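Colleague: My structure is stored as coords05.csv, with CSV, C-alpha atoms.
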```
chain,number,residue,atom,x,y,z
A,126,MET,CA,-34.9,34.3,-10.5
A,127,SER,CA,-33.3,30.9,-11.4
A,128,ILE,CA,-30.2,29.4,-10.0
A,129,ALA,CA,-28.3,27.1,-12.3
A,130,ALA,CA,-27.0,23.9,-10.6
A,131,LEU,CA,-23.3,23.4,-11.0
A,132,GLU,CA,-22.2,20.0,-12.2
A,133,LEU,CA,-19.1,18.9,-10.5
A,134,GLU,CA,-17.0,16.3,-12.2
A,135,PRO,CA,-15.7,13.6,-10.0
A,136,GLN,CA,-12.1,13.9,-9.1
A,137,GLU,CA,-9.9,11.4,-11.0
A,138,LEU,CA,-8.0,9.2,-8.6
A,139,VAL,CA,-4.4,8.9,-9.7
A,140,ALA,CA,-3.0,7.2,-6.6
A,141,CYS,CA,-4.0,5.3,-3.5
A,142,THR,CA,-2.3,4.6,-0.2
A,143,ILE,CA,-2.7,1.0,1.0
A,144,SER,CA,-2.1,0.2,4.7
A,145,ARG,CA,-3.4,-1.4,7.8
A,146,ASP,CA,-4.2,2.1,9.2
A,147,VAL,CA,-3.1,5.2,7.2
A,148,GLN,CA,-3.4,7.3,10.3
A,149,ILE,CA,-0.2,5.7,11.6
A,150,PHE,CA,1.5,7.4,8.6
A,151,ASP,CA,0.4,11.0,9.1
A,152,LEU,CA,3.3,12.4,7.2
A,153,LEU,CA,2.3,10.3,4.2
A,154,ILE,CA,-1.2,11.8,4.3
A,155,GLU,CA,0.3,15.3,4.3
A,156,ASP,CA,2.6,14.4,1.4
A,157,MET,CA,-0.3,12.9,-0.7
A,158,GLU,CA,-2.5,15.9,-0.1
A,159,ALA,CA,0.3,18.3,-0.9
A,160,SER,CA,1.2,16.5,-4.1
A,161,LEU,CA,-2.2,15.3,-5.3
A,162,GLY,CA,-4.9,17.4,-3.6
A,163,GLU,CA,-8.1,15.4,-3.7
A,164,ASN,CA,-6.9,13.0,-6.4
A,165,TRP,CA,-5.9,10.1,-4.2
A,166,GLY,CA,-7.6,7.6,-2.0
A,167,ASP,CA,-6.9,5.3,0.9
A,168,LEU,CA,-7.5,1.5,1.1
A,169,SER,CA,-6.9,-1.1,3.7
A,170,PHE,CA,-5.1,-4.3,2.7
A,171,GLU,CA,-8.4,-6.2,2.4
A,172,ASP,CA,-10.1,-3.4,0.4
A,173,ALA,CA,-7.2,-3.1,-2.0
A,174,GLU,CA,-7.6,-6.8,-2.9
A,175,ALA,CA,-11.2,-6.1,-3.9
A,176,TYR,CA,-10.3,-2.9,-5.6
A,177,PHE,CA,-7.7,-4.5,-7.9
A,178,GLN,CA,-10.5,-6.7,-9.2
A,179,GLN,CA,-12.3,-3.6,-10.6
A,180,PRO,CA,-11.6,-2.0,-14.0
A,181,ASP,CA,-11.1,1.4,-12.3
A,182,ALA,CA,-7.9,0.1,-10.7
A,183,ALA,CA,-6.1,0.3,-14.1
A,184,GLU,CA,-6.5,4.1,-14.0
A,185,LEU,CA,-4.1,4.5,-11.1
A,186,ARG,CA,-0.6,5.8,-11.8
A,187,PHE,CA,0.8,4.6,-8.5
A,188,VAL,CA,0.1,3.1,-5.1
A,189,THR,CA,2.0,3.5,-1.9
A,190,ILE,CA,2.0,0.5,0.4
A,191,ALA,CA,2.7,1.7,3.9
A,192,MET,CA,3.8,-0.8,6.4
A,193,ASP,CA,5.6,-1.2,9.7
A,194,GLN,CA,7.1,-4.1,11.6
A,195,ASP,CA,3.6,-5.2,12.8
A,196,ASP,CA,2.6,-5.8,9.2
A,197,GLU,CA,5.4,-8.3,8.5
A,198,ASP,CA,3.2,-11.1,9.7
A,199,ASN,CA,1.0,-10.3,6.6
A,200,LEU,CA,3.9,-10.2,4.1
A,201,ASP,CA,2.3,-12.8,1.8
A,202,GLN,CA,-0.8,-10.6,1.5
A,203,ILE,CA,1.2,-7.5,0.9
A,204,ALA,CA,3.4,-9.3,-1.7
A,205,SER,CA,0.1,-10.3,-3.4
A,206,LEU,CA,-1.0,-6.7,-3.5
A,207,VAL,CA,2.3,-5.7,-5.1
A,208,ARG,CA,1.8,-8.3,-7.8
A,209,MET,CA,-1.8,-7.3,-8.4
A,210,ALA,CA,-0.8,-3.6,-8.8
A,211,LYS,CA,2.1,-4.5,-11.2
A,212,GLY,CA,-0.4,-6.7,-13.2
A,213,HIS,CA,-2.4,-3.5,-13.9
A,214,GLY,CA,0.8,-1.6,-14.8
A,215,ILE,CA,0.7,0.5,-11.6
A,216,LYS,CA,3.9,1.7,-10.0
A,217,VAL,CA,4.4,0.6,-6.4
A,218,ILE,CA,6.2,2.7,-3.8
A,219,LEU,CA,6.9,0.9,-0.5
A,220,ILE,CA,6.7,3.2,2.6
A,221,THR,CA,8.3,1.3,5.4
A,222,GLU,CA,9.0,1.8,9.1
A,223,ASP,CA,11.1,-0.6,11.0
A,224,VAL,CA,10.7,-3.4,8.4
A,225,SER,CA,13.4,-6.0,8.2
A,226,PRO,CA,15.7,-5.9,5.2
A,227,ALA,CA,14.6,-9.4,4.2
A,228,SER,CA,11.0,-8.4,4.0
A,229,LEU,CA,11.8,-5.3,2.1
A,230,HIS,CA,13.9,-7.2,-0.3
A,231,GLN,CA,11.1,-9.7,-0.9
A,232,LEU,CA,8.6,-7.0,-1.7
A,233,LEU,CA,11.1,-5.4,-4.1
A,234,ARG,CA,11.6,-8.8,-5.8
A,235,GLU,CA,7.8,-9.1,-6.1
A,236,GLY,CA,7.7,-5.9,-8.2
A,237,GLY,CA,8.0,-2.9,-5.8
A,238,ASP,CA,9.5,0.0,-7.8
A,239,GLU,CA,10.8,2.1,-5.0
A,240,PHE,CA,11.0,2.2,-1.2
A,241,VAL,CA,11.0,5.1,1.2
A,242,PRO,CA,11.9,4.7,4.8
A,243,TYR,CA,9.3,6.3,7.1
A,244,PRO,CA,9.4,8.9,8.5
```
Represent the structure of the file as structure tokens.
Modeller:
Amino acid sequence: MSIAALELEPQELVACTISRDVQIFDLLIEDMEASLGENWGDLSFEDAEAYFQQPDAAELRFVTIAMDQDDEDNLDQIASLVRMAKGHGIKVILITEDVSPASLHQLLREGGDEFVPYP
């Protein structure tokens, strides 16, 4: 009796969430899983900077950058991530909770495509 090994193809990542801590945005996790199944990933702000330097980054269709008022101190870093994503032709959806209109406006000027208030 022989058992053939199944070859599993790796799941193609089509999207990533980028945040300080995605667990803060539990409804976002549910939405990503419902829409994309296993075809999405999660990155911290720091990891996203490194990821955008990799050729695989260009394969993403979109990223969601989730932030709240505590992240406004890092607005320059987040704006840089928006520019990096746009440089790869990746759509950027801003998920914001209690972020000032001025900060949101700046990120949209940097290239954010859409924003969705959280929750």
Colleague: Calculate how many Å separate CA of Thr142 (chain A) from CA of Ile190 (chain A), rounding to one decimal.
Modeller: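 Separation between CA of Thr142 (chain A) and CA of Ile190 (chain A): 6.0 Å.
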Colleague: Which residue gives the smallest distance to Asp201 (chain A) among A:Gln178, A:Thr189, A:Ser228, A:Thr221, with only C-alpha atoms counted?
Modeller: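 Of A:Gln178, A:Thr189, A:Ser228, A:Thr221, the one nearest Asp201 (chain A) is A:Ser228, counting only C-alpha atoms.
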Colleague: I'd like to know which of A:Met209, A:Ile215, A:Gln136, A:Asp156 is closest to Leu185 (chain A), using only C-alpha atoms.
Modeller: A:Ile215
Colleague: So which one's closest to Pro226 (chain A), A:Glu163, A:Ala210, A:Glu197, A:Glu155? Using only C-alpha atoms, please.
Modeller: A:Glu197
Colleague: Might you pull out every residue within 12 Å of Asp181 (chain A), with only C-alpha atoms counted and same-chain residues fewer than 4 positions away left off, and present them as a ChimeraX atom specification?
Modeller: /A:137-141,173,175-177,185-186,210,213,215
Colleague: Pick the closest to Ala191 (chain A) from A:Ser144, A:Ser160, A:Ser169, A:Gln179: which is it, counting all atoms listed in the file?
Modeller: A:Ser144
Colleague: For a quick check of understanding, using all atoms listed in the file, which of A:Leu153, A:Ala159, A:Leu229, A:Leu168 has the smallest distance to Pro244 (chain A)?
Modeller: A:Leu153
